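Student: You'll find coords.pdb just under this line, and it carries PDB, C-alpha atoms.
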ATOM      1  CA  MET L  14      19.761   2.823  -6.813
ATOM      2  CA  LYS L  15      22.999   4.666  -7.506
ATOM      3  CA  PHE L  16      25.328   3.345 -10.191
ATOM      4  CA  LYS L  17      28.907   2.468  -9.312
ATOM      5  CA  LYS L  18      30.033   5.166 -11.715
ATOM      6  CA  ALA L  19      28.327   7.915 -13.701
ATOM      7  CA  LEU L  20      27.046   6.856 -17.117
ATOM      8  CA  THR L  21      25.945   8.867 -20.133
ATOM      9  CA  LEU L  22      22.540   9.118 -21.741
ATOM     10  CA  LEU L  23      23.960   7.378 -24.819
ATOM     11  CA  GLU L  24      25.175   4.431 -22.741
ATOM     12  CA  ILE L  25      21.766   4.042 -21.071
ATOM     13  CA  ALA L  26      19.968   4.272 -24.427
ATOM     14  CA  LYS L  27      22.145   1.456 -25.805
ATOM     15  CA  ILE L  28      21.283  -0.802 -22.850
ATOM     16  CA  ILE L  29      17.536  -0.509 -23.483
ATOM     17  CA  ASP L  30      17.805   0.114 -27.254
ATOM     18  CA  CYS L  31      15.710   3.256 -27.505
ATOM     19  CA  GLU L  32      15.768   6.771 -28.940
ATOM     20  CA  TYR L  33      16.558   9.710 -26.712
ATOM     21  CA  VAL L  34      16.298  13.479 -26.434
ATOM     22  CA  GLY L  35      19.353  15.174 -24.968
ATOM     23  CA  SER L  36      23.105  15.288 -25.243
ATOM     24  CA  ASP L  37      25.004  12.028 -25.780
ATOM     25  CA  THR L  38      27.126  12.889 -22.749
ATOM     26  CA  PHE L  39      24.240  13.904 -20.460
ATOM     27  CA  PRO L  40      25.261  12.406 -17.063
ATOM     28  CA  VAL L  41      23.188   9.735 -15.321
ATOM     29  CA  PHE L  42      23.965   8.668 -11.753
ATOM     30  CA  GLY L  43      21.189   6.246 -10.797
ATOM     31  CA  MET L  44      17.557   5.189 -11.131
ATOM     32  CA  ASN L  45      14.554   5.639  -8.903
ATOM     33  CA  VAL L  46      10.778   5.644  -8.584
ATOM     34  CA  ILE L  47       9.113   9.024  -9.020
ATOM     35  CA  HIS L  48       8.341   9.810  -5.373
ATOM     36  CA  LEU L  49      11.954   9.132  -4.316
ATOM     37  CA  ALA L  50      13.750  10.562  -7.344
ATOM     38  CA  GLU L  51      16.814  12.785  -6.985
ATOM     39  CA  ASP L  52      18.865  14.894  -9.371
ATOM     40  CA  GLY L  53      20.754  12.565 -11.720
ATOM     41  CA  ASP L  54      18.205   9.719 -11.497
ATOM     42  CA  ILE L  55      16.203   7.946 -14.190
ATOM     43  CA  VAL L  56      12.460   7.441 -13.642
ATOM     44  CA  PHE L  57       9.826   5.883 -15.889
ATOM     45  CA  VAL L  58       6.260   6.847 -16.772
ATOM     46  CA  ASP L  59       3.829   5.064 -19.084
ATOM     47  CA  HIS L  60       0.421   6.605 -18.301
ATOM     48  CA  PRO L  61      -0.804  10.077 -19.304
ATOM     49  CA  LYS L  62      -2.139  10.588 -15.782
ATOM     50  CA  TYR L  63       1.429  10.717 -14.468
ATOM     51  CA  TYR L  64       3.277  12.429 -17.347
ATOM     52  CA  ASP L  65       3.256  15.835 -15.701
ATOM     53  CA  LYS L  66       4.335  14.457 -12.334
ATOM     54  CA  ALA L  67       7.256  12.586 -13.879
ATOM     55  CA  LEU L  68       8.403  15.492 -16.022
ATOM     56  CA  LYS L  69       8.345  17.849 -13.033
ATOM     57  CA  CYS L  70       9.927  15.521 -10.466
ATOM     58  CA  ALA L  71      13.546  15.809  -9.325
ATOM     59  CA  ALA L  72      14.789  13.148 -11.760
ATOM     60  CA  SER L  73      17.049  14.189 -14.625
ATOM     61  CA  VAL L  74      16.047  11.490 -17.133
ATOM     62  CA  ILE L  75      12.522  10.258 -17.870
ATOM     63  CA  ILE L  76      11.726   7.047 -19.740
ATOM     64  CA  ILE L  77       8.418   7.891 -21.433
ATOM     65  CA  ASN L  78       6.205   6.343 -24.112
ATOM     66  CA  LYS L  79       5.320   9.611 -25.851
ATOM     67  CA  GLU L  80       7.318  12.314 -27.591
ATOM     68  CA  VAL L  81       6.900  15.432 -25.474
ATOM     69  CA  VAL L  82       8.733  18.708 -25.003
ATOM     70  CA  CYS L  83      11.799  17.949 -22.920
ATOM     71  CA  PRO L  84      11.971  20.102 -19.768
ATOM     72  CA  GLU L  85      15.014  22.338 -19.513
ATOM     73  CA  GLY L  86      17.946  20.625 -17.824
ATOM     74  CA  LYS L  87      16.506  17.130 -18.330
ATOM     75  CA  ALA L  88      16.707  14.343 -20.906
ATOM     76  CA  LEU L  89      14.189  11.851 -22.296
ATOM     77  CA  LEU L  90      14.376   8.202 -23.299
ATOM     78  CA  ILE L  91      11.552   7.451 -25.758
ATOM     79  CA  SER L  92      10.353   3.893 -25.170
ATOM     80  CA  ASN L  93       7.516   1.692 -26.377
ATOM     81  CA  ASP L  94       7.547  -0.015 -22.990
ATOM     82  CA  PRO L  95       8.869   2.179 -20.134
ATOM     83  CA  PHE L  96       7.871  -0.388 -17.491
ATOM     84  CA  GLY L  97       9.771  -3.170 -19.235
ATOM     85  CA  ASP L  98      12.777  -0.973 -19.983
ATOM     86  CA  PHE L  99      12.986   0.113 -16.353
ATOM     87  CA  ASN L 100      13.078  -3.590 -15.457
ATOM     88  CA  LYS L 101      15.862  -4.102 -18.009
ATOM     89  CA  LEU L 102      17.929  -1.443 -16.265
ATOM     90  CA  THR L 103      17.271  -2.963 -12.845
ATOM     91  CA  ASN L 104      18.343  -6.395 -14.056
ATOM     92  CA  TYR L 105      21.394  -4.907 -15.767
ATOM     93  CA  PHE L 106      22.677  -2.992 -12.751
ATOM     94  CA  SER L 107      21.433  -5.347 -10.030
ATOM     95  CA  PRO L 108      21.205  -8.821 -11.589
ATOM     96  CA  PHE L 109      20.071 -11.858  -9.663
ATOM     97  CA  THR L 110      23.005 -14.076  -8.714
ATOM     98  CA  SER L 111      22.271 -17.596  -7.529
ATOM     99  CA  ALA L 112      23.703 -18.674  -4.188
ATOM    100  CA  LYS L 113      26.576 -21.144  -4.006
ATOM    101  CA  LYS L 114      26.524 -21.580  -0.224
ATOM    102  CA  ALA L 115      24.116 -21.068   2.638
ATOM    103  CA  ILE L 116      26.329 -18.218   3.865
ATOM    104  CA  SER L 117      27.861 -16.349   0.966
ATOM    105  CA  THR L 118      31.604 -15.845   0.932
ATOM    106  CA  THR L 119      30.950 -12.236  -0.134
ATOM    107  CA  SER L 120      29.000 -11.481   3.047
ATOM    108  CA  LYS L 121      30.612  -9.653   5.970
ATOM    109  CA  ILE L 122      29.751 -10.705   9.526
ATOM    110  CA  GLY L 123      30.962  -8.624  12.468
ATOM    111  CA  THR L 124      32.784  -9.528  15.656
ATOM    112  CA  ALA L 125      30.858 -11.615  18.232
ATOM    113  CA  THR L 126      27.868 -12.020  15.940
ATOM    114  CA  ILE L 127      26.173 -15.435  16.195
ATOM    115  CA  VAL L 128      24.428 -17.040  13.217
ATOM    116  CA  GLN L 129      22.369 -20.066  14.220
ATOM    117  CA  PRO L 130      22.007 -23.182  12.015
ATOM    118  CA  ASN L 131      19.974 -23.273   8.793
ATOM    119  CA  CYS L 132      20.233 -19.552   8.083
ATOM    120  CA  PHE L 133      20.663 -18.213   4.556
ATOM    121  CA  ILE L 134      22.854 -15.132   4.118
ATOM    122  CA  GLY L 135      23.038 -13.893   0.536
ATOM    123  CA  ASN L 136      25.587 -12.114  -1.562
ATOM    124  CA  TYR L 137      27.160  -8.917  -0.251
ATOM    125  CA  VAL L 138      25.159  -8.923   2.977
ATOM    126  CA  GLU L 139      26.704  -6.891   5.793
ATOM    127  CA  ILE L 140      25.996  -7.769   9.442
ATOM    128  CA  GLY L 141      27.530  -5.736  12.261
ATOM    129  CA  ALA L 142      28.956  -6.727  15.634
ATOM    130  CA  ASN L 143      27.222  -8.459  18.558
ATOM    131  CA  CYS L 144      24.194  -9.567  16.541
ATOM    132  CA  LEU L 145      22.159 -12.735  17.053
ATOM    133  CA  ILE L 146      20.561 -14.279  13.984
ATOM    134  CA  HIS L 147      18.353 -17.179  15.047
ATOM    135  CA  ALA L 148      17.747 -20.389  13.112
ATOM    136  CA  ASN L 149      16.047 -20.412   9.701
ATOM    137  CA  VAL L 150      16.375 -16.704   8.993
ATOM    138  CA  SER L 151      16.791 -15.742   5.322
ATOM    139  CA  ILE L 152      18.713 -12.577   4.503
ATOM    140  CA  TYR L 153      18.665 -11.680   0.814
ATOM    141  CA  ASP L 154      21.461 -10.048  -1.180
ATOM    142  CA  TYR L 155      22.795  -6.594  -0.253
ATOM    143  CA  THR L 156      20.918  -6.376   3.061
ATOM    144  CA  VAL L 157      22.725  -4.230   5.645
ATOM    145  CA  ILE L 158      22.360  -4.920   9.380
ATOM    146  CA  GLY L 159      23.949  -2.758  12.067
ATOM    147  CA  ASP L 160      25.328  -3.648  15.509
ATOM    148  CA  ASN L 161      23.457  -5.299  18.399
ATOM    149  CA  VAL L 162      20.584  -6.532  16.246
ATOM    150  CA  GLU L 163      18.553  -9.643  17.075
ATOM    151  CA  VAL L 164      16.458 -11.435  14.441
ATOM    152  CA  GLN L 165      14.166 -14.272  15.526
ATOM    153  CA  SER L 166      13.570 -17.515  13.652
ATOM    154  CA  GLY L 167      11.824 -17.670  10.306
ATOM    155  CA  THR L 168      12.143 -13.996   9.427
ATOM    156  CA  VAL L 169      12.878 -12.999   5.816
ATOM    157  CA  LEU L 170      14.785  -9.799   5.092
ATOM    158  CA  GLY L 171      15.011  -8.474   1.550
ATOM    159  CA  ALA L 172      12.366 -10.332  -0.460
ATOM    160  CA  GLU L 173      11.124  -8.622  -3.615
ATOM    161  CA  ALA L 174       8.502  -5.883  -3.522
ATOM    162  CA  PHE L 175       4.832  -6.645  -4.109
ATOM    163  CA  TYR L 176       4.552  -4.310  -7.105
ATOM    164  CA  TYR L 177       2.646  -5.419 -10.222
ATOM    165  CA  LYS L 178       1.092  -3.822 -13.272
ATOM    166  CA  LYS L 179      -2.036  -5.393 -14.715
ATOM    167  CA  ASN L 180      -2.372  -6.025 -18.425
ATOM    168  CA  SER L 181      -4.586  -8.135 -20.705
ATOM    169  CA  ARG L 182      -2.558 -11.285 -19.959
ATOM    170  CA  GLY L 183      -2.295 -10.912 -16.189
ATOM    171  CA  PHE L 184       0.324  -9.068 -14.183
ATOM    172  CA  ARG L 185       3.863  -7.837 -14.816
ATOM    173  CA  LYS L 186       6.237  -7.546 -11.878
ATOM    174  CA  LEU L 187       8.375  -4.488 -11.320
ATOM    175  CA  GLN L 188      11.812  -5.835 -10.465
ATOM    176  CA  SER L 189      13.374  -4.902  -7.125
ATOM    177  CA  GLY L 190      16.916  -3.552  -7.091
ATOM    178  CA  GLY L 191      16.955  -1.901  -3.667
ATOM    179  CA  ARG L 192      18.018  -3.033  -0.207
ATOM    180  CA  VAL L 193      16.866  -3.541   3.364
ATOM    181  CA  VAL L 194      18.813  -1.528   5.935
ATOM    182  CA  ILE L 195      18.476  -2.404   9.630
ATOM    183  CA  GLU L 196      20.123   0.130  11.924
ATOM    184  CA  ASN L 197      21.752  -0.507  15.329
ATOM    185  CA  ASN L 198      19.944  -1.977  18.358
ATOM    186  CA  VAL L 199      16.898  -3.221  16.438
ATOM    187  CA  ASP L 200      14.975  -6.352  17.495
ATOM    188  CA  ILE L 201      12.920  -8.217  14.893
ATOM    189  CA  GLY L 202      10.529 -10.970  15.924
ATOM    190  CA  ALA L 203       9.817 -14.379  14.428
ATOM    191  CA  LEU L 204       8.238 -14.856  10.985
ATOM    192  CA  CYS L 205       8.518 -11.212   9.960
ATOM    193  CA  THR L 206       8.891 -10.200   6.319
ATOM    194  CA  ILE L 207      10.636  -6.994   5.327
ATOM    195  CA  ASP L 208      10.736  -6.352   1.574
ATOM    196  CA  ARG L 209      13.578  -4.537  -0.115
ATOM    197  CA  GLY L 210      13.095  -1.289  -1.984
ATOM    198  CA  ILE L 211      12.325  -1.080  -5.671
ATOM    199  CA  THR L 212      15.344   1.150  -6.192
ATOM    200  CA  GLY L 213      16.054   2.534  -2.721
ATOM    201  CA  ASP L 214      16.192   1.237   0.842
ATOM    202  CA  THR L 215      13.546  -0.131   3.147
ATOM    203  CA  THR L 216      14.869   1.157   6.463
ATOM    204  CA  ILE L 217      14.272   0.185  10.094
ATOM    205  CA  GLY L 218      15.588   2.910  12.375
ATOM    206  CA  GLU L 219      17.850   2.583  15.382
ATOM    207  CA  GLY L 220      16.330   1.118  18.521
ATOM    208  CA  THR L 221      13.043   0.037  16.902
ATOM    209  CA  LYS L 222      11.440  -3.160  18.205
ATOM    210  CA  ILE L 223       9.241  -5.341  15.983
ATOM    211  CA  ASP L 224       7.036  -8.164  17.250
ATOM    212  CA  ASN L 225       6.332 -11.493  15.518
ATOM    213  CA  GLN L 226       4.526 -11.806  12.177
ATOM    214  CA  VAL L 227       4.893  -8.212  11.026
ATOM    215  CA  HIS L 228       5.133  -7.261   7.345
ATOM    216  CA  VAL L 229       6.961  -4.161   6.111
ATOM    217  CA  GLY L 230       6.508  -3.232   2.449
ATOM    218  CA  HIS L 231       9.042  -1.927  -0.038
ATOM    219  CA  ASP L 232      10.705   1.488   0.361
ATOM    220  CA  THR L 233       9.085   2.068   3.738
ATOM    221  CA  ILE L 234      11.099   4.073   6.245
ATOM    222  CA  ILE L 235      10.541   3.350   9.932
ATOM    223  CA  GLY L 236      12.120   5.802  12.339
ATOM    224  CA  LYS L 237      13.987   5.383  15.597
ATOM    225  CA  ARG L 238      12.589   3.820  18.794
ATOM    226  CA  CYS L 239       9.318   2.643  17.258
ATOM    227  CA  LEU L 240       7.265  -0.231  18.696
ATOM    228  CA  ILE L 241       5.364  -2.428  16.241
ATOM    229  CA  ALA L 242       3.167  -5.212  17.586
ATOM    230  CA  SER L 243       2.231  -8.572  16.082
ATOM    231  CA  GLN L 244       0.340  -9.015  12.802
ATOM    232  CA  THR L 245       0.776  -5.422  11.718
ATOM    233  CA  GLY L 246       0.925  -4.915   7.943
ATOM    234  CA  ILE L 247       2.733  -1.844   6.634
ATOM    235  CA  SER L 248       2.380  -1.095   2.925
ATOM    236  CA  GLY L 249       5.072   0.137   0.589
ATOM    237  CA  CYS L 250       6.429   3.695   0.603
ATOM    238  CA  VAL L 251       5.174   4.504   4.113
ATOM    239  CA  THR L 252       7.081   6.911   6.353
ATOM    240  CA  ILE L 253       6.824   6.191  10.070
ATOM    241  CA  GLU L 254       8.566   8.869  12.097
ATOM    242  CA  ASP L 255      10.423   8.377  15.388
ATOM    243  CA  ASP L 256       8.786   7.059  18.581
ATOM    244  CA  VAL L 257       5.632   5.744  16.902
ATOM    245  CA  THR L 258       3.704   2.819  18.414
ATOM    246  CA  LEU L 259       1.594   0.500  16.225
ATOM    247  CA  TRP L 260      -0.415  -2.021  18.226
ATOM    248  CA  GLY L 261      -1.506  -5.434  16.978
ATOM    249  CA  GLN L 262      -3.148  -5.962  13.592
ATOM    250  CA  VAL L 263      -2.767  -2.392  12.428
ATOM    251  CA  GLY L 264      -2.856  -2.034   8.646
ATOM    252  CA  THR L 265      -1.773   0.882   6.485
ATOM    253  CA  THR L 266      -2.315   2.052   2.951
ATOM    254  CA  SER L 267       0.741   2.997   0.873
ATOM    255  CA  GLY L 268       2.447   6.340   0.599
ATOM    256  CA  ILE L 269       1.312   7.830   3.907
ATOM    257  CA  THR L 270       3.194   9.385   6.837
ATOM    258  CA  ILE L 271       2.595   8.615  10.515
ATOM    259  CA  GLY L 272       3.908  11.512  12.573
ATOM    260  CA  LYS L 273       6.401  11.391  15.421
ATOM    261  CA  GLY L 274       5.107   9.938  18.671
ATOM    262  CA  ALA L 275       1.740   8.834  17.261
ATOM    263  CA  ILE L 276       0.019   5.805  18.816
ATOM    264  CA  ILE L 277      -2.170   3.631  16.587
ATOM    265  CA  LEU L 278      -4.443   1.346  18.603
ATOM    266  CA  GLY L 279      -5.001  -2.295  17.629
ATOM    267  CA  GLN L 280      -6.914  -3.306  14.500
ATOM    268  CA  SER L 281      -6.914   0.230  13.124
ATOM    269  CA  GLY L 282      -6.759   0.942   9.399
ATOM    270  CA  VAL L 283      -4.435   3.843   8.665
ATOM    271  CA  THR L 284      -5.952   5.093   5.401
ATOM    272  CA  LYS L 285      -4.397   8.573   5.437
ATOM    273  CA  SER L 286      -1.423  10.445   6.882
ATOM    274  CA  VAL L 287      -1.807  11.354  10.549
ATOM    275  CA  ALA L 288      -0.091  13.953  12.699
ATOM    276  CA  GLY L 289       2.266  13.011  15.495
ATOM    277  CA  GLY L 290       1.705  13.186  19.224
ATOM    278  CA  LYS L 291      -1.855  11.820  19.155
ATOM    279  CA  THR L 292      -3.616   8.477  19.652
ATOM    280  CA  TYR L 293      -5.726   7.036  16.813
ATOM    281  CA  PHE L 294      -8.226   4.213  16.434
ATOM    282  CA  GLY L 295     -10.639   2.663  13.972
ATOM    283  CA  SER L 296     -11.057   2.037  10.283
ATOM    284  CA  PRO L 297     -11.090   4.527   8.704
ATOM    285  CA  ILE L 298      -8.804   5.978  11.333
ATOM    286  CA  GLU L 299      -9.663   8.947  13.555
ATOM    287  CA  GLU L 300      -8.406  10.318  16.849
ATOM    288  CA  SER L 301      -9.308   7.641  19.366
ATOM    289  CA  ARG L 302     -11.384   9.816  21.697
ATOM    290  CA  GLU L 303     -13.586  11.012  18.835
ATOM    291  CA  LYS L 304     -13.924   7.491  17.427
ATOM    292  CA  LEU L 305     -14.954   6.045  20.780
ATOM    293  CA  LYS L 306     -17.597   8.779  21.160
ATOM    294  CA  GLN L 307     -18.997   7.810  17.767
ATOM    295  CA  LEU L 308     -19.171   4.142  18.770
ATOM    296  CA  ALA L 309     -20.942   5.062  22.002
ATOM    297  CA  ASN L 310     -23.501   7.079  20.040
ATOM    298  CA  ILE L 311     -24.088   4.216  17.627
ATOM    299  CA  LYS L 312     -25.110   2.030  20.576
ATOM    300  CA  LYS L 313     -27.882   4.527  21.326
ATOM    301  CA  ILE L 314     -29.513   4.153  17.895
ATOM    302  CA  PRO L 315     -31.866   1.222  18.833
ATOM    303  CA  GLU L 316     -33.146   3.198  21.831
ATOM    304  CA  LEU L 317     -33.733   6.307  19.722
ATOM    305  CA  LEU L 318     -35.559   4.275  17.047
ATOM    306  CA  SER L 319     -37.848   2.707  19.643
ATOM    307  CA  LYS L 320     -38.751   6.174  20.955
ATOM    308  CA  LEU L 321     -39.575   7.367  17.433
ATOM    309  CA  LYS L 322     -41.917   4.421  16.958
TER     310      LYS L 322
END
Would you mind writing the file's structure down as structure tokens?

Tutor:
Amino acid sequence: MKFKKALTLLEIAKIIDCEYVGSDTFPVFGMNVIHLAEDGDIVFVDHPKYYDKALKCAASVIIINKEVVCPEGKALLISNDPFGDFNKLTNYFSPFTSAKKAISTTSKIGTATIVQPNCFIGNYVEIGANCLIHANVSIYDYTVIGDNVEVQSGTVLGAEAFYYKKNSRGFRKLQSGGRVVIENNVDIGALCTIDRGITGDTTIGEGTKIDNQVHVGHDTIIGKRCLIASQTGISGCVTIEDDVTLWGQVGTTSGITIGKGAIILGQSGVTKSVAGGKTYFGSPIEESREKLKQLANIKKIPELLSKLK
């Protein structure tokens, strides 16, 4: 999430009421999660396991719950609760605003776009030209939709990320301040759910086609001309490159990359990153030809056991 204007370290420290290490005027341009951080961003870390990763990432400011040596060219915000303070910043810069109408007056809807009855279109949504939004679609705040996009009934674009931290009393939710961005010529089926990013964008690339009942997690980036079949579940922070095909009931773990032109056969569990240009199957996933050989060999086990007897 980029701020509307650059702020200073002092201004950020006042918002979350914490001590800091660095110049009062140290510039801050936005906030992000560690794996997406850029120069000028704030990130947070509250576990020793990730201190080193946070301090060495591209971010310029780290909210941390321990006094450490500040890396050169960076600044620190010393917090008793980095997770909670990161949420404070999200709520400060991207606060929830309740809807006054089913279609917000702050939304922008392009020429020749049709919005069917009973749709909800939130604040500052942008929808391009020649789109068709079918009945009972919900489009949360700040979602961006390009031209020639069709969204079938019951789909929800921009719901909050499924991101929780466990503690002794249950779970704390990390607030979502990102967006969903749907590029041109995308089709999205019925009853799909595409969550917005924590701080960045969940993106569906140009020309991609998504079947019914597909879930796309927060901060995932799906490339151009992908095909995604029904009941597929894509976790958060996944990168799916161009021209990938995911057949029905595929599931992925978070943080992986599926290479360009890969084909994932139905009911496969993508538990690791896979290279492009190949076909994969199974759970855990392997190249389909090798996996099918293994299954054929397994069928021979009863015969081999009977011979041993």

Student: Please provide the set of residues having any atom within 10 Å of Glu219 in chain L, restricted to all atoms listed in the file, with same-chain residues fewer than 5 positions apart removed, written as a PDB file with C-alpha atoms, in the frame of the given file.

Tutor:
ATOM      1  CA  GLY L 159      23.949  -2.758  12.067  1.00  0.00           C
ATOM      2  CA  ASP L 160      25.328  -3.648  15.509  1.00  0.00           C
ATOM      3  CA  VAL L 162      20.584  -6.532  16.246  1.00  0.00           C
ATOM      4  CA  ILE L 195      18.476  -2.404   9.630  1.00  0.00           C
ATOM      5  CA  GLU L 196      20.123   0.130  11.924  1.00  0.00           C
ATOM      6  CA  ASN L 197      21.752  -0.507  15.329  1.00  0.00           C
ATOM      7  CA  ASN L 198      19.944  -1.977  18.358  1.00  0.00           C
ATOM      8  CA  VAL L 199      16.898  -3.221  16.438  1.00  0.00           C
ATOM      9  CA  ASP L 200      14.975  -6.352  17.495  1.00  0.00           C
ATOM     10  CA  ILE L 235      10.541   3.350   9.932  1.00  0.00           C
ATOM     11  CA  GLY L 236      12.120   5.802  12.339  1.00  0.00           C
ATOM     12  CA  LYS L 237      13.987   5.383  15.597  1.00  0.00           C
ATOM     13  CA  ARG L 238      12.589   3.820  18.794  1.00  0.00           C
ATOM     14  CA  CYS L 239       9.318   2.643  17.258  1.00  0.00           C
ATOM     15  CA  ASP L 255      10.423   8.377  15.388  1.00  0.00           C
TER      16      ASP L 255
END

Student: Which residues, written as a count of residues only, have at least one atom at most 12 Å from Ser117 in chain L, with all atoms listed in the file counted and residues fewer than 4 positions away on the same chain left out?

Tutor: 19

Student: Specify as an NGL selection string each residue included when the PyMOL selection byres ((chain L and resi 212) around 12) is applied to this file.

Tutor: :L and (14-16 or 43-51 or 54-56 or 99-100 or 102-104 or 106-107 or 173-174 or 187-193 or 208-211 or 213-215 or 231-233 or 250)

Student: When you look at Gly274 in chain L with a cut-off of 6 Å (counting all atoms listed in the file), what residues show up, excluding the ones that are within fewer than 4 positions of it in the same chain? I need them as a list in words.

Tutor: Asp256, Val257, Gly289 and Gly290 of chain L

Student: When the PyMOL selection byres ((chain L and resi 243) around 12) is applied to the structure above, which residues does it catch, written out as a PyMOL selection string?

Tutor: chain L and resi 201-206+222-229+240-242+244-247+258-264+279-280

Student: Any chance you could build range 180-193 of chain L out to N, CA, C and O atoms and write it as a PDB file, keeping the file's coordinate frame?

Tutor:
ATOM      1  N   ASN L 180      -2.150  -6.166 -16.994  1.00  0.00           N
ATOM      2  CA  ASN L 180      -2.372  -6.025 -18.425  1.00  0.00           C
ATOM      3  C   ASN L 180      -3.343  -7.110 -18.878  1.00  0.00           C
ATOM      4  O   ASN L 180      -3.897  -7.838 -18.051  1.00  0.00           O
ATOM      5  N   SER L 181      -3.568  -7.213 -20.185  1.00  0.00           N
ATOM      6  CA  SER L 181      -4.586  -8.135 -20.705  1.00  0.00           C
ATOM      7  C   SER L 181      -4.248  -9.594 -20.434  1.00  0.00           C
ATOM      8  O   SER L 181      -5.132 -10.454 -20.434  1.00  0.00           O
ATOM      9  N   ARG L 182      -2.976  -9.898 -20.174  1.00  0.00           N
ATOM     10  CA  ARG L 182      -2.558 -11.285 -19.959  1.00  0.00           C
ATOM     11  C   ARG L 182      -2.337 -11.627 -18.484  1.00  0.00           C
ATOM     12  O   ARG L 182      -1.994 -12.752 -18.156  1.00  0.00           O
ATOM     13  N   GLY L 183      -2.509 -10.644 -17.610  1.00  0.00           N
ATOM     14  CA  GLY L 183      -2.295 -10.912 -16.189  1.00  0.00           C
ATOM     15  C   GLY L 183      -1.561  -9.766 -15.529  1.00  0.00           C
ATOM     16  O   GLY L 183      -2.008  -8.617 -15.599  1.00  0.00           O
ATOM     17  N   PHE L 184      -0.424 -10.071 -14.917  1.00  0.00           N
ATOM     18  CA  PHE L 184       0.324  -9.068 -14.183  1.00  0.00           C
ATOM     19  C   PHE L 184       1.808  -9.115 -14.554  1.00  0.00           C
ATOM     20  O   PHE L 184       2.367 -10.187 -14.749  1.00  0.00           O
ATOM     21  N   ARG L 185       2.415  -7.944 -14.618  1.00  0.00           N
ATOM     22  CA  ARG L 185       3.863  -7.837 -14.816  1.00  0.00           C
ATOM     23  C   ARG L 185       4.476  -7.324 -13.516  1.00  0.00           C
ATOM     24  O   ARG L 185       3.986  -6.370 -12.911  1.00  0.00           O
ATOM     25  N   LYS L 186       5.569  -7.930 -13.122  1.00  0.00           N
ATOM     26  CA  LYS L 186       6.237  -7.546 -11.878  1.00  0.00           C
ATOM     27  C   LYS L 186       7.274  -6.477 -12.138  1.00  0.00           C
ATOM     28  O   LYS L 186       8.068  -6.586 -13.078  1.00  0.00           O
ATOM     29  N   LEU L 187       7.286  -5.450 -11.288  1.00  0.00           N
ATOM     30  CA  LEU L 187       8.375  -4.488 -11.320  1.00  0.00           C
ATOM     31  C   LEU L 187       9.527  -5.061 -10.493  1.00  0.00           C
ATOM     32  O   LEU L 187       9.364  -5.370  -9.315  1.00  0.00           O
ATOM     33  N   GLN L 188      10.667  -5.207 -11.119  1.00  0.00           N
ATOM     34  CA  GLN L 188      11.812  -5.835 -10.465  1.00  0.00           C
ATOM     35  C   GLN L 188      12.348  -4.955  -9.330  1.00  0.00           C
ATOM     36  O   GLN L 188      12.301  -3.735  -9.403  1.00  0.00           O
ATOM     37  N   SER L 189      12.842  -5.606  -8.297  1.00  0.00           N
ATOM     38  CA  SER L 189      13.374  -4.902  -7.125  1.00  0.00           C
ATOM     39  C   SER L 189      14.896  -4.882  -7.178  1.00  0.00           C
ATOM     40  O   SER L 189      15.531  -5.927  -7.252  1.00  0.00           O
ATOM     41  N   GLY L 190      15.468  -3.680  -7.099  1.00  0.00           N
ATOM     42  CA  GLY L 190      16.916  -3.552  -7.091  1.00  0.00           C
ATOM     43  C   GLY L 190      17.439  -2.838  -5.865  1.00  0.00           C
ATOM     44  O   GLY L 190      18.611  -2.473  -5.808  1.00  0.00           O
ATOM     45  N   GLY L 191      16.561  -2.621  -4.878  1.00  0.00           N
ATOM     46  CA  GLY L 191      16.955  -1.901  -3.667  1.00  0.00           C
ATOM     47  C   GLY L 191      17.455  -2.821  -2.569  1.00  0.00           C
ATOM     48  O   GLY L 191      17.794  -3.982  -2.806  1.00  0.00           O
ATOM     49  N   ARG L 192      17.465  -2.288  -1.339  1.00  0.00           N
ATOM     50  CA  ARG L 192      18.018  -3.033  -0.207  1.00  0.00           C
ATOM     51  C   ARG L 192      17.076  -2.938   0.991  1.00  0.00           C
ATOM     52  O   ARG L 192      16.125  -2.163   1.020  1.00  0.00           O
ATOM     53  N   VAL L 193      17.386  -3.740   2.010  1.00  0.00           N
ATOM     54  CA  VAL L 193      16.866  -3.541   3.364  1.00  0.00           C
ATOM     55  C   VAL L 193      18.033  -3.080   4.223  1.00  0.00           C
ATOM     56  O   VAL L 193      19.119  -3.671   4.171  1.00  0.00           O
TER      57      VAL L 193
END
